[in-house]
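Chemist: Structure file work-v3.txt, compact mmCIF, C-alpha atoms (C1' of nucleotides), is pasted below:
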# COMPACT_ATOMS: atom_id res chain seq x y z
CA MET U 1 40.42 213.00 109.96
CA GLU U 2 39.72 212.49 113.61
CA ASP U 3 41.13 209.00 113.98
CA GLN U 4 44.59 207.71 113.20
CA ALA U 5 45.03 205.12 110.52
CA THR U 6 45.17 201.75 112.25
CA ILE U 7 45.81 199.25 109.48
CA ALA U 8 47.10 200.30 106.10
CA GLY U 9 47.11 198.37 102.88
CA ASP U 10 50.14 198.42 100.59
CA GLU U 11 50.06 198.54 96.78
CA HIS U 12 49.43 194.79 96.55
CA GLY U 13 46.39 194.91 98.84
CA GLN U 14 48.27 193.29 101.70
CA ILE U 15 47.43 194.47 105.19
CA ILE U 16 50.22 196.15 107.12
CA PHE U 17 50.22 195.92 110.89
CA ASP U 18 51.91 198.51 113.09
CA VAL U 19 52.07 198.32 116.88
CA PHE U 20 52.77 202.06 117.02
CA ALA U 21 49.35 202.79 115.56
CA ARG U 22 46.58 203.18 118.11
CA GLY U 23 43.88 200.62 117.40
CA CYS U 24 45.99 198.24 115.32
CA PRO U 25 45.09 194.64 116.26
CA SER U 26 48.78 193.80 116.59
CA ARG U 27 48.90 196.00 119.66
CA GLU U 28 46.18 193.92 121.30
CA THR U 29 48.00 190.65 120.64
CA MET U 30 51.27 192.19 121.80
CA GLU U 31 49.54 193.03 125.07
CA HIS U 32 48.29 189.47 125.44
CA ILE U 33 51.81 188.15 124.95
CA THR U 34 53.66 190.70 127.06
CA SER U 35 51.11 191.21 129.81
CA ARG U 36 52.22 190.54 133.36
CA TRP U 37 50.96 186.95 133.27
CA GLY U 38 50.96 186.37 129.52
CA ILE U 39 54.73 186.44 129.23
CA LEU U 40 55.15 184.01 132.13
CA ALA U 41 52.47 181.63 130.86
CA MET U 42 54.05 181.62 127.40
CA ALA U 43 57.52 181.06 128.83
CA ALA U 44 56.30 178.23 131.08
CA LEU U 45 54.46 176.52 128.25
CA GLY U 46 57.72 176.70 126.30
CA GLU U 47 58.92 174.01 128.73
CA GLY U 48 56.09 171.68 127.74
CA THR U 49 52.44 170.89 128.39
CA TYR U 50 50.88 171.97 131.66
CA ARG U 51 47.55 171.36 133.31
CA PHE U 52 45.71 174.43 134.60
CA ASN U 53 46.67 174.12 138.25
CA ALA U 54 50.20 172.97 137.50
CA LEU U 55 50.69 176.06 135.37
CA ARG U 56 49.28 178.12 138.18
CA ARG U 57 51.87 176.71 140.56
CA ARG U 58 54.65 177.34 138.02
CA VAL U 59 53.59 180.96 137.45
CA ASP U 60 54.07 181.95 141.05
CA GLY U 61 51.53 184.52 142.25
CA VAL U 62 48.95 184.37 139.46
CA SER U 63 45.30 184.13 140.52
CA GLU U 64 42.95 181.59 138.96
CA LYS U 65 40.91 184.34 137.40
CA MET U 66 43.87 186.02 135.73
CA LEU U 67 45.37 182.76 134.51
CA ALA U 68 42.07 181.69 132.96
CA GLN U 69 41.61 185.10 131.36
CA THR U 70 45.18 185.17 130.05
CA LEU U 71 44.97 181.67 128.59
CA GLN U 72 41.67 182.45 126.90
CA ALA U 73 43.17 185.50 125.19
CA LEU U 74 46.24 183.53 124.08
CA GLU U 75 44.08 180.68 122.82
CA ARG U 76 41.93 183.05 120.80
CA ASP U 77 45.05 184.50 119.18
CA GLY U 78 46.17 181.02 118.15
CA LEU U 79 49.22 180.93 120.42
CA VAL U 80 48.00 178.41 122.98
CA HIS U 81 46.22 175.11 122.43
CA ARG U 82 43.63 173.96 124.97
CA GLU U 83 42.67 170.30 125.22
CA ALA U 84 39.96 169.32 127.68
CA GLN U 85 39.24 165.73 128.74
CA ALA U 86 35.55 165.25 129.39
CA THR U 87 36.22 163.37 132.62
CA ILE U 88 35.11 164.19 136.13
CA PRO U 89 36.93 166.05 137.52
CA PRO U 90 37.78 167.71 134.20
CA LYS U 91 41.41 167.72 133.14
CA VAL U 92 42.58 170.45 130.79
CA GLU U 93 45.96 170.48 129.12
CA TYR U 94 47.57 173.61 127.79
CA SER U 95 50.36 173.66 125.22
CA LEU U 96 51.83 176.00 122.62
CA THR U 97 50.85 176.03 118.96
CA PRO U 98 53.68 176.29 116.40
CA LEU U 99 53.03 180.06 116.34
CA GLY U 100 53.14 180.17 120.13
CA ARG U 101 56.45 178.32 120.17
CA GLU U 102 58.01 180.99 117.99
CA ALA U 103 56.74 183.70 120.31
CA SER U 104 57.90 181.78 123.36
CA ARG U 105 61.43 181.50 121.99
CA ARG U 106 61.66 185.27 121.66
CA LEU U 107 60.20 185.87 125.11
CA LEU U 108 62.60 183.36 126.65
CA ASP U 109 65.48 185.14 124.94
CA LEU U 110 64.37 188.40 126.57
CA ILE U 111 63.80 186.77 129.96
CA GLU U 112 67.16 185.03 130.05
CA TRP U 113 68.98 188.15 128.92
CA LEU U 114 67.23 190.23 131.60
CA GLU U 115 67.91 187.75 134.39
CA GLY U 116 71.59 187.86 133.45
CA GLU U 117 71.70 191.66 133.35
CA MET U 118 69.79 192.21 136.58
CA PRO U 119 72.96 193.01 138.57
CA GLN U 120 73.44 195.98 136.22
CA VAL U 121 69.83 197.02 136.72
CA MET U 122 70.20 196.83 140.48
CA ALA U 123 73.36 198.92 140.32
CA ALA U 124 71.60 201.53 138.18
CA ARG U 125 68.76 201.71 140.67
CA GLU U 126 71.14 202.35 143.53
CA ARG U 127 72.88 205.07 141.55
CA GLN U 128 69.55 206.71 140.70
CA ASP U 129 67.96 206.40 144.10
CA GLY U 130 70.85 207.79 146.10
CA GLY U 131 72.54 209.68 143.29
CA PRO U 132 71.64 213.15 142.04
CA THR U 133 69.88 214.40 145.18
CA GLY U 134 72.15 212.53 147.56
CA GLY U 135 75.18 214.83 147.03
CA MET B 136 57.87 178.47 155.04
CA GLU B 137 55.11 180.86 154.18
CA ASP B 138 56.84 182.86 151.50
CA GLN B 139 58.45 181.64 148.32
CA ALA B 140 62.14 182.20 147.83
CA THR B 141 62.58 185.26 145.66
CA ILE B 142 66.32 185.50 145.07
CA ALA B 143 68.62 182.58 145.65
CA GLY B 144 72.37 182.52 145.94
CA ASP B 145 74.41 179.80 144.26
CA GLU B 146 77.52 178.11 145.66
CA HIS B 147 79.71 181.06 144.63
CA GLY B 148 77.59 183.62 146.46
CA GLN B 149 76.21 184.99 143.20
CA ILE B 150 72.63 186.20 143.17
CA ILE B 151 70.26 184.30 140.91
CA PHE B 152 67.26 186.09 139.47
CA ASP B 153 64.11 184.26 138.40
CA VAL B 154 61.09 185.95 136.82
CA PHE B 155 58.94 182.98 137.82
CA ALA B 156 59.50 183.72 141.49
CA ARG B 157 57.01 186.08 143.05
CA GLY B 158 58.83 189.11 144.43
CA CYS B 159 62.01 188.72 142.39
CA PRO B 160 63.19 192.18 141.25
CA SER B 161 63.62 190.87 137.71
CA ARG B 162 59.87 190.58 137.46
CA GLU B 163 59.48 194.28 138.22
CA THR B 164 61.97 195.28 135.53
CA MET B 165 60.37 192.88 133.08
CA GLU B 166 57.09 194.66 133.70
CA HIS B 167 58.67 198.05 133.06
CA ILE B 168 60.06 196.81 129.75
CA THR B 169 57.01 194.89 128.57
CA SER B 170 54.27 197.13 129.94
CA ARG B 171 51.77 198.54 127.46
CA TRP B 172 53.78 201.75 126.96
CA GLY B 173 57.20 200.53 128.04
CA ILE B 174 57.67 198.24 125.06
CA LEU B 175 56.63 200.98 122.63
CA ALA B 176 58.84 203.61 124.27
CA MET B 177 61.82 201.23 124.21
CA ALA B 178 61.18 200.33 120.57
CA ALA B 179 60.80 203.96 119.54
CA LEU B 180 63.99 204.99 121.34
CA GLY B 181 65.71 202.19 119.43
CA GLU B 182 65.28 204.47 116.39
CA GLY B 183 67.21 207.27 118.09
CA THR B 184 66.87 210.16 120.52
CA TYR B 185 63.45 211.67 121.09
CA ARG B 186 62.21 214.70 122.99
CA PHE B 187 59.30 214.10 125.36
CA ASN B 188 56.51 215.35 123.11
CA ALA B 189 58.02 213.87 119.97
CA LEU B 190 58.08 210.50 121.70
CA ARG B 191 54.52 211.05 122.75
CA ARG B 192 53.50 211.61 119.14
CA ARG B 193 55.44 208.51 118.04
CA VAL B 194 53.83 206.30 120.70
CA ASP B 195 50.33 206.89 119.45
CA GLY B 196 47.74 207.00 122.23
CA VAL B 197 49.94 207.35 125.29
CA SER B 198 48.97 210.01 127.83
CA GLU B 199 51.50 212.47 129.21
CA LYS B 200 51.14 210.98 132.66
CA MET B 201 51.79 207.43 131.54
CA LEU B 202 54.70 208.37 129.30
CA ALA B 203 56.37 210.31 132.12
CA GLN B 204 55.77 207.46 134.57
CA THR B 205 57.04 204.84 132.12
CA LEU B 206 60.20 206.79 131.29
CA GLN B 207 60.95 207.37 134.96
CA ALA B 208 60.76 203.63 135.67
CA LEU B 209 62.98 202.82 132.68
CA GLU B 210 65.47 205.51 133.67
CA ARG B 211 65.66 204.16 137.20
CA ASP B 212 66.40 200.69 135.84
CA GLY B 213 69.28 202.08 133.78
CA LEU B 214 67.65 201.43 130.41
CA VAL B 215 66.86 205.00 129.40
CA HIS B 216 69.02 208.10 129.64
CA ARG B 217 67.39 211.47 130.34
CA GLU B 218 69.16 214.69 129.48
CA ALA B 219 67.47 217.99 130.36
CA GLN B 220 68.55 221.35 128.98
CA ALA B 221 68.00 224.11 131.55
CA THR B 222 66.45 226.39 128.96
CA ILE B 223 63.02 227.99 128.88
CA PRO B 224 60.95 226.24 127.76
CA PRO B 225 62.82 223.17 129.04
CA LYS B 226 63.96 220.64 126.49
CA VAL B 227 64.45 217.04 127.57
CA GLU B 228 66.07 214.40 125.41
CA TYR B 229 65.52 210.70 125.94
CA SER B 230 67.81 208.01 124.58
CA LEU B 231 68.74 204.40 125.32
CA THR B 232 71.69 203.36 127.46
CA PRO B 233 73.87 200.47 126.16
CA LEU B 234 71.77 198.16 128.35
CA GLY B 235 68.59 199.65 126.94
CA ARG B 236 69.81 199.13 123.40
CA GLU B 237 70.22 195.40 124.06
CA ALA B 238 66.70 195.21 125.44
CA SER B 239 65.34 197.23 122.55
CA ARG B 240 66.86 194.86 119.99
CA ARG B 241 65.04 191.92 121.57
CA LEU B 242 61.76 193.80 121.80
CA LEU B 243 62.05 194.91 118.18
CA ASP B 244 62.65 191.31 117.19
CA LEU B 245 59.42 190.33 118.92
CA ILE B 246 57.48 193.27 117.47
CA GLU B 247 58.61 192.67 113.90
CA TRP B 248 57.93 188.96 114.16
CA LEU B 249 54.43 189.61 115.52
CA GLU B 250 53.55 192.20 112.88
CA GLY B 251 54.52 189.66 110.24
CA GLU B 252 52.49 186.86 111.81
CA MET B 253 49.37 188.92 112.47
CA PRO B 254 47.51 187.46 109.48
CA GLN B 255 47.83 184.06 111.21
CA VAL B 256 46.58 185.56 114.47
CA MET B 257 43.60 187.14 112.74
CA ALA B 258 42.79 183.81 111.06
CA ALA B 259 42.98 182.01 114.43
CA ARG B 260 40.62 184.55 115.95
CA GLU B 261 38.07 184.01 113.23
CA ARG B 262 38.30 180.26 113.66
CA GLN B 263 37.87 180.57 117.44
CA ASP B 264 35.12 183.16 117.41
CA GLY B 265 32.89 181.44 114.90
CA GLY B 266 34.21 177.93 115.37
CA PRO B 267 33.25 175.45 118.10
CA THR B 268 29.89 176.98 119.05
CA GLY B 269 29.09 178.16 115.55
CA GLY B 270 28.28 174.71 114.14
C1' DG Q 271 47.94 240.50 123.56
C1' DT Q 272 46.23 236.02 122.24
C1' DT Q 273 47.64 231.39 120.90
C1' DA Q 274 50.61 227.56 120.83
C1' DG Q 275 54.29 224.95 122.57
C1' DT Q 276 57.71 223.17 126.31
C1' DA Q 277 57.72 219.08 130.09
C1' DC Q 278 55.60 217.88 133.42
C1' DT Q 279 52.40 217.21 138.06
C1' DA Q 280 47.94 216.83 140.69
C1' DA Q 281 43.14 215.74 141.20
C1' DC Q 282 39.56 213.01 139.77
C1' DT Q 283 37.13 209.13 137.23
C1' DT Q 284 37.05 204.83 134.92
C1' DT Q 285 38.95 200.49 134.01
C1' DT Q 286 41.41 196.55 135.35
C1' DA Q 287 43.58 193.41 138.52
C1' DG Q 288 43.44 190.65 142.62
C1' DA Q 289 41.23 188.08 146.63
C1' DA Q 290 37.79 185.16 148.16
C1' DA Q 291 34.07 182.32 147.75
C1' DG Q 292 30.93 179.37 144.91
C1' DT Q 293 30.16 175.22 141.56
C1' DA Q 294 29.58 170.18 140.44
C1' DC Q 295 31.39 166.06 140.92
C1' DA Q 296 34.43 162.02 142.37
C1' DA Q 297 38.16 159.79 144.70
C1' DC Q 298 40.31 159.02 149.06
C1' DC Q 299 40.33 158.04 154.01
C1' DA Q 300 38.34 156.55 158.27
C1' DT C 301 28.60 156.90 155.41
C1' DG C 302 30.38 161.22 155.32
C1' DG C 303 33.92 164.76 155.53
C1' DT C 304 38.06 166.38 152.98
C1' DT C 305 40.59 167.21 148.96
C1' DG C 306 41.23 168.16 144.19
C1' DT C 307 39.63 169.41 139.37
C1' DA C 308 38.91 173.90 136.30
C1' DC C 309 36.86 177.34 136.30
C1' DT C 310 33.14 181.72 137.23
C1' DT C 311 31.18 185.29 140.07
C1' DT C 312 31.31 188.94 143.30
C1' DC C 313 33.53 192.48 145.70
C1' DT C 314 37.45 195.49 146.69
C1' DA C 315 41.95 197.57 145.84
C1' DA C 316 45.12 199.32 142.58
C1' DA C 317 46.28 201.02 138.28
C1' DA C 318 45.38 203.57 134.10
C1' DG C 319 43.22 207.33 131.70
C1' DT C 320 41.28 212.16 131.49
C1' DT C 321 41.41 216.83 132.41
C1' DA C 322 43.23 220.87 134.12
C1' DG C 323 47.01 223.51 135.92
C1' DT C 324 52.06 225.43 135.97
C1' DA C 325 55.57 228.92 134.38
C1' DC C 326 57.47 230.63 130.82
C1' DT C 327 58.52 232.14 125.67
C1' DA C 328 58.17 232.62 120.80
C1' DA C 329 55.27 233.62 117.08
C1' DC C 330 51.41 236.06 114.95
Represent the structure contained in this file as structure tokens.
Modeler:
Amino acid sequence: MEDQATIAGDEHGQIIFDVFARGCPSRETMEHITSRWGILAMAALGEGTYRFNALRRRVDGVSEKMLAQTLQALERDGLVHREAQATIPPKVEYSLTPLGREASRRLLDLIEWLEGEMPQVMAARERQDGGPTGG
Amino acid sequence: MEDQATIAGDEHGQIIFDVFARGCPSRETMEHITSRWGILAMAALGEGTYRFNALRRRVDGVSEKMLAQTLQALERDGLVHREAQATIPPKVEYSLTPLGREASRRLLDLIEWLEGEMPQVMAARERQDGGPTGG
DNA sequence: GTTAGTACTAACTTTTAGAAAGTACAACCA
DNA sequence: TGGTTGTACTTTCTAAAAGTTAGTACTAAC
């Protein structure tokens, strides 16, 4: 056995996904959701529908290439819905699917918790940076 | 104004953190937590204390370099506690701080939800990959 | 005395991200 | 009439990050 098991089946023939297993597809989707821009796109779309460039302005700092790439991955995984109007110039609306909304809720929970705890993080950094070697 | 505001103060002089703002420190910490290996390290440490190499075996596929780098970032942010025994060979134990445990709970919630919904993700992928152009 | 294991770091290569420009077209302004 | 702006991207090139491999200093086991 050279390779690790990636997806295992249980006694009822159901597939079991495990992010700890190298090569499990759940790891890939997790990376789409929690990537640098994925998490912000998902959180923003939790607020409602956005057009491509509006989303780009909301997700401060993302490049067009990375936003397009990120949205394509999320769309493929069934988390984001893309609706293009065949007008000129083209207008494309992005929104969350029901599955995406569930993910977004959990990401927002993490984001809001983190933003609230950041003072503690900053304090820890100061302790670490000046701390052990500083004495 | 060339640069976006990164951290704003409210009327009580409190600092407000916003992951949507480019350059806000909360974004950096978010990336440590949700990075490819960060999320898995945090989730694993949610199960209990691990030594470096044991953690490496648990987080299938991570290199020594990336695990060390990831743990250092999480330690600096006050999420992970590192305790080294000055023995030979050295033994280093990693565990979560109270702050880290709160983060881990939220990550685990996301992980477990995703693993359960993966069949839906796989179905969406099949629809997308074969779908619109396949007809 | 050879092999394996401890927790890393450093040098090097490969992959990915980011920046900038290109595309095709129309609406706006003068 | 014609230049500018805006749409949603893709392509090309460069910079940064991740991954691979080897090295360290030492011991316990075989």
Chemist: Name the closest residue to DC295 (chain Q) among the candidates U:Pro89, U:Gln14, U:Thr97, U:Met118; distances are taken between atoms, counting all atoms listed in the file.
Modeler: U:Pro89
Chemist: Looking at all atoms listed in the file, which of B:His216, B:Lys226, B:His147, B:Arg193 is the one that sits closest to chain Q?
Modeler: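 Among the listed residues, the smallest separation from chain Q belongs to B:Lys226.
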Chemist: Around the point (51.2, 227.4, 120.3), in the coordinates given by the file, pick out the residues reaching within 9 Å, counting all atoms listed in the file, and return them as a list in words.
Modeler: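 Result, sorted by chain then residue number: DT273, DA274 and DG275 of chain Q; DA328 and DA329 of chain C.
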Chemist: Around all the atoms of region 310-321 of chain C listed in the file, with 4 Å of room on each side, what axis-aligned box do you get, giving centre and edge lengths in Å to one decimal, as JSON?
Modeler:
{"center_x": 38.7, "center_y": 199.3, "center_z": 139.1, "size_x": 23.1, "size_y": 43.1, "size_z": 23.2}
Chemist: Determine, counting all atoms listed in the file, which protein, DNA and RNA residues have an atom within 8 Å of an atom of region 30-38 of chain U; residues of the same chain fewer than 3 positions away are not included. Present the result as a PDB file with C-alpha atoms, in the coordinates of the input.
Modeler:
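New file around_14.pdb:
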ATOM      1  CA  VAL U  19      52.070 198.320 116.880  1.00  0.00           C
ATOM      2  CA  SER U  26      48.780 193.800 116.590  1.00  0.00           C
ATOM      3  CA  ARG U  27      48.900 196.000 119.660  1.00  0.00           C
ATOM      4  CA  ALA U  41      52.470 181.630 130.860  1.00  0.00           C
ATOM      5  CA  MET U  42      54.050 181.620 127.400  1.00  0.00           C
ATOM      6  CA  VAL U  59      53.590 180.960 137.450  1.00  0.00           C
ATOM      7  CA  VAL U  62      48.950 184.370 139.460  1.00  0.00           C
ATOM      8  CA  MET U  66      43.870 186.020 135.730  1.00  0.00           C
ATOM      9  CA  LEU U  67      45.370 182.760 134.510  1.00  0.00           C
ATOM     10  CA  THR U  70      45.180 185.170 130.050  1.00  0.00           C
ATOM     11  CA  LEU U  71      44.970 181.670 128.590  1.00  0.00           C
ATOM     12  CA  ALA U  73      43.170 185.500 125.190  1.00  0.00           C
ATOM     13  CA  LEU U  74      46.240 183.530 124.080  1.00  0.00           C
TER      14      LEU U  74
ATOM     15  CA  GLU B 166      57.090 194.660 133.700  1.00  0.00           C
ATOM     16  CA  THR B 169      57.010 194.890 128.570  1.00  0.00           C
ATOM     17  CA  SER B 170      54.270 197.130 129.940  1.00  0.00           C
ATOM     18  CA  ARG B 171      51.770 198.540 127.460  1.00  0.00           C
ATOM     19  CA  ILE B 246      57.480 193.270 117.470  1.00  0.00           C
ATOM     20  CA  LEU B 249      54.430 189.610 115.520  1.00  0.00           C
TER      21      LEU B 249
END
Chemist: Considering only C-alpha atoms (C1' of nucleotides), return as a ChimeraX atom specification whatever protein or nucleic-acid residues lie within 12 Å of Ala259 (chain B), sequence-local ones (same chain, fewer than 3 positions apart) excluded.
Modeler: /U:29,73-81,97,99-100 /B:252-256,262-266
Chemist: If the cut-off is 10 Å, can you tell me the residues of chain C near chain B, counting all atoms listed in the file? I'd like them as an MDAnalysis selection string.
Modeler: chainID C and resid 318:320 325:328
Chemist: Show me which bits of chain Q are within 10 Å of chain B, counting only C-alpha atoms (C1' of nucleotides), as JSON, numbers by chain.
Modeler: {"Q": [275, 276, 277, 278, 279]}
Chemist: Write a file for region 302-322 of chain C of the given structure; include N, CA and C atoms (P, O5', C5', C4', C3', O3' and C1' of nucleotides) and format it as a CSV table (one decimal), in the first residue's frame.
Modeler:
chain,number,residue,atom,x,y,z
C,302,DG,P,-14.1,60.0,-36.2
C,302,DG,O5',-13.0,60.7,-35.4
C,302,DG,C5',-13.3,61.8,-34.5
C,302,DG,C4',-13.3,61.4,-33.0
C,302,DG,C3',-12.7,60.0,-32.7
C,302,DG,O3',-11.8,60.2,-31.6
C,302,DG,C1',-14.7,60.2,-31.7
C,303,DG,P,-10.3,59.5,-31.5
C,303,DG,O5',-9.9,59.7,-30.0
C,303,DG,C5',-10.1,61.0,-29.3
C,303,DG,C4',-10.8,60.8,-28.0
C,303,DG,C3',-10.2,59.7,-27.1
C,303,DG,O3',-9.8,60.3,-25.9
C,303,DG,C1',-12.6,59.6,-27.2
C,304,DT,P,-9.1,59.5,-24.7
C,304,DT,O5',-10.3,59.2,-23.7
C,304,DT,C5',-11.1,60.2,-23.2
C,304,DT,C4',-12.2,59.7,-22.3
C,304,DT,C3',-11.6,58.6,-21.3
C,304,DT,O3',-12.1,58.9,-20.0
C,304,DT,C1',-13.6,57.8,-22.5
C,305,DT,P,-11.6,58.0,-18.7
C,305,DT,O5',-12.9,57.1,-18.4
C,305,DT,C5',-14.2,57.8,-18.2
C,305,DT,C4',-15.2,56.7,-18.2
C,305,DT,C3',-14.9,55.5,-17.3
C,305,DT,O3',-16.0,55.3,-16.3
C,305,DT,C1',-15.6,54.7,-19.4
C,306,DG,P,-15.8,54.5,-15.0
C,306,DG,O5',-16.6,53.1,-15.3
C,306,DG,C5',-18.0,53.2,-15.7
C,306,DG,C4',-18.4,51.9,-16.3
C,306,DG,C3',-17.9,50.7,-15.6
C,306,DG,O3',-19.0,49.9,-15.1
C,306,DG,C1',-17.6,50.5,-17.9
C,307,DT,P,-18.8,48.6,-14.2
C,307,DT,O5',-19.1,47.4,-15.1
C,307,DT,C5',-20.4,47.3,-15.8
C,307,DT,C4',-20.3,46.1,-16.8
C,307,DT,C3',-19.6,44.9,-16.2
C,307,DT,O3',-20.6,44.0,-15.7
C,307,DT,C1',-18.9,45.5,-18.5
C,308,DA,P,-20.2,43.0,-14.5
C,308,DA,O5',-19.4,41.9,-15.3
C,308,DA,C5',-20.1,41.1,-16.3
C,308,DA,C4',-19.1,40.2,-17.0
C,308,DA,C3',-18.2,39.3,-16.1
C,308,DA,O3',-18.1,38.0,-16.7
C,308,DA,C1',-16.8,40.5,-17.3
C,309,DC,P,-18.0,36.6,-15.8
C,309,DC,O5',-16.6,36.6,-15.2
C,309,DC,C5',-15.2,36.5,-15.5
C,309,DC,C4',-14.8,36.7,-17.0
C,309,DC,C3',-13.5,36.0,-17.3
C,309,DC,O3',-13.8,34.8,-18.0
C,309,DC,C1',-13.6,38.3,-18.1
C,310,DT,P,-12.7,33.7,-17.9
C,310,DT,O5',-11.5,34.2,-18.9
C,310,DT,C5',-11.8,34.2,-20.3
C,310,DT,C4',-10.5,34.6,-21.0
C,310,DT,C3',-9.3,33.7,-20.8
C,310,DT,O3',-8.7,33.4,-22.1
C,310,DT,C1',-8.7,35.9,-20.2
C,311,DT,P,-7.6,32.3,-22.2
C,311,DT,O5',-6.2,33.2,-22.3
C,311,DT,C5',-6.2,34.3,-23.2
C,311,DT,C4',-4.9,35.1,-23.1
C,311,DT,C3',-3.7,34.2,-22.8
C,311,DT,O3',-2.6,34.6,-23.7
C,311,DT,C1',-3.8,36.0,-21.2
C,312,DT,P,-1.3,33.7,-23.8
C,312,DT,O5',-0.2,34.7,-23.1
C,312,DT,C5',-0.1,36.1,-23.5
C,312,DT,C4',0.7,36.9,-22.6
C,312,DT,C3',2.0,36.2,-22.2
C,312,DT,O3',3.1,37.1,-22.3
C,312,DT,C1',0.8,36.9,-20.2
C,313,DC,P,4.6,36.6,-22.3
C,313,DC,O5',5.1,37.2,-20.9
C,313,DC,C5',5.1,38.6,-20.7
C,313,DC,C4',5.2,38.8,-19.2
C,313,DC,C3',6.5,38.2,-18.5
C,313,DC,O3',7.2,39.2,-17.9
C,313,DC,C1',4.5,37.8,-17.3
C,314,DT,P,8.7,38.9,-17.3
C,314,DT,O5',8.4,39.1,-15.7
C,314,DT,C5',7.9,40.3,-15.2
C,314,DT,C4',7.4,40.1,-13.8
C,314,DT,C3',8.5,39.6,-12.8
C,314,DT,O3',8.3,40.4,-11.6
C,314,DT,C1',6.6,38.2,-12.7
C,315,DA,P,9.5,40.6,-10.6
C,315,DA,O5',8.9,40.4,-9.2
C,315,DA,C5',7.6,40.9,-8.9
C,315,DA,C4',6.9,40.0,-7.9
C,315,DA,C3',7.8,39.6,-6.7
C,315,DA,O3',7.0,39.7,-5.5
C,315,DA,C1',6.9,37.7,-7.7
C,316,DA,P,7.7,39.8,-4.0
C,316,DA,O5',6.9,38.6,-3.3
C,316,DA,C5',5.5,38.5,-3.4
C,316,DA,C4',5.0,37.1,-3.2
C,316,DA,C3',5.5,36.4,-1.9
C,316,DA,O3',4.4,35.9,-1.3
C,316,DA,C1',5.8,35.0,-3.8
C,317,DA,P,4.4,35.7,0.4
C,317,DA,O5',3.9,34.2,0.5
C,317,DA,C5',2.8,33.8,-0.3
C,317,DA,C4',3.0,32.4,-0.8
C,317,DA,C3',3.3,31.4,0.4
C,317,DA,O3',2.2,30.6,0.6
C,317,DA,C1',4.5,30.9,-1.6
C,318,DA,P,2.1,29.5,1.8
C,318,DA,O5',2.4,28.1,1.0
C,318,DA,C5',1.6,27.8,-0.2
C,318,DA,C4',2.3,26.6,-0.9
C,318,DA,C3',2.6,25.4,0.0
C,318,DA,O3',2.0,24.3,-0.6
C,318,DA,C1',4.5,26.0,-1.2
C,319,DG,P,2.0,22.8,0.2
C,319,DG,O5',3.2,22.1,-0.5
C,319,DG,C5',3.2,21.9,-1.9
C,319,DG,C4',4.5,21.2,-2.3
C,319,DG,C3',4.9,20.0,-1.4
C,319,DG,O3',5.2,18.9,-2.3
C,319,DG,C1',6.7,21.6,-1.7
C,320,DT,P,5.7,17.5,-1.7
C,320,DT,O5',7.3,17.6,-2.0
C,320,DT,C5',7.8,17.9,-3.3
C,320,DT,C4',9.3,17.7,-3.4
C,320,DT,C3',9.8,16.5,-2.6
C,320,DT,O3',10.7,15.8,-3.5
C,320,DT,C1',10.9,18.5,-1.9
C,321,DT,P,11.3,14.4,-3.0
C,321,DT,O5',12.8,14.8,-2.5
C,321,DT,C5',13.6,15.7,-3.2
C,321,DT,C4',14.8,16.1,-2.4
C,321,DT,C3',15.4,15.0,-1.5
C,321,DT,O3',16.8,14.8,-1.9
C,321,DT,C1',15.2,17.0,-0.3
C,322,DA,P,17.7,13.7,-1.3
C,322,DA,O5',18.6,14.5,-0.3
C,322,DA,C5',19.2,15.7,-0.7
C,322,DA,C4',19.8,16.5,0.4
C,322,DA,C3',20.6,15.7,1.4
C,322,DA,O3',21.8,16.4,1.7
C,322,DA,C1',19.0,17.0,2.5
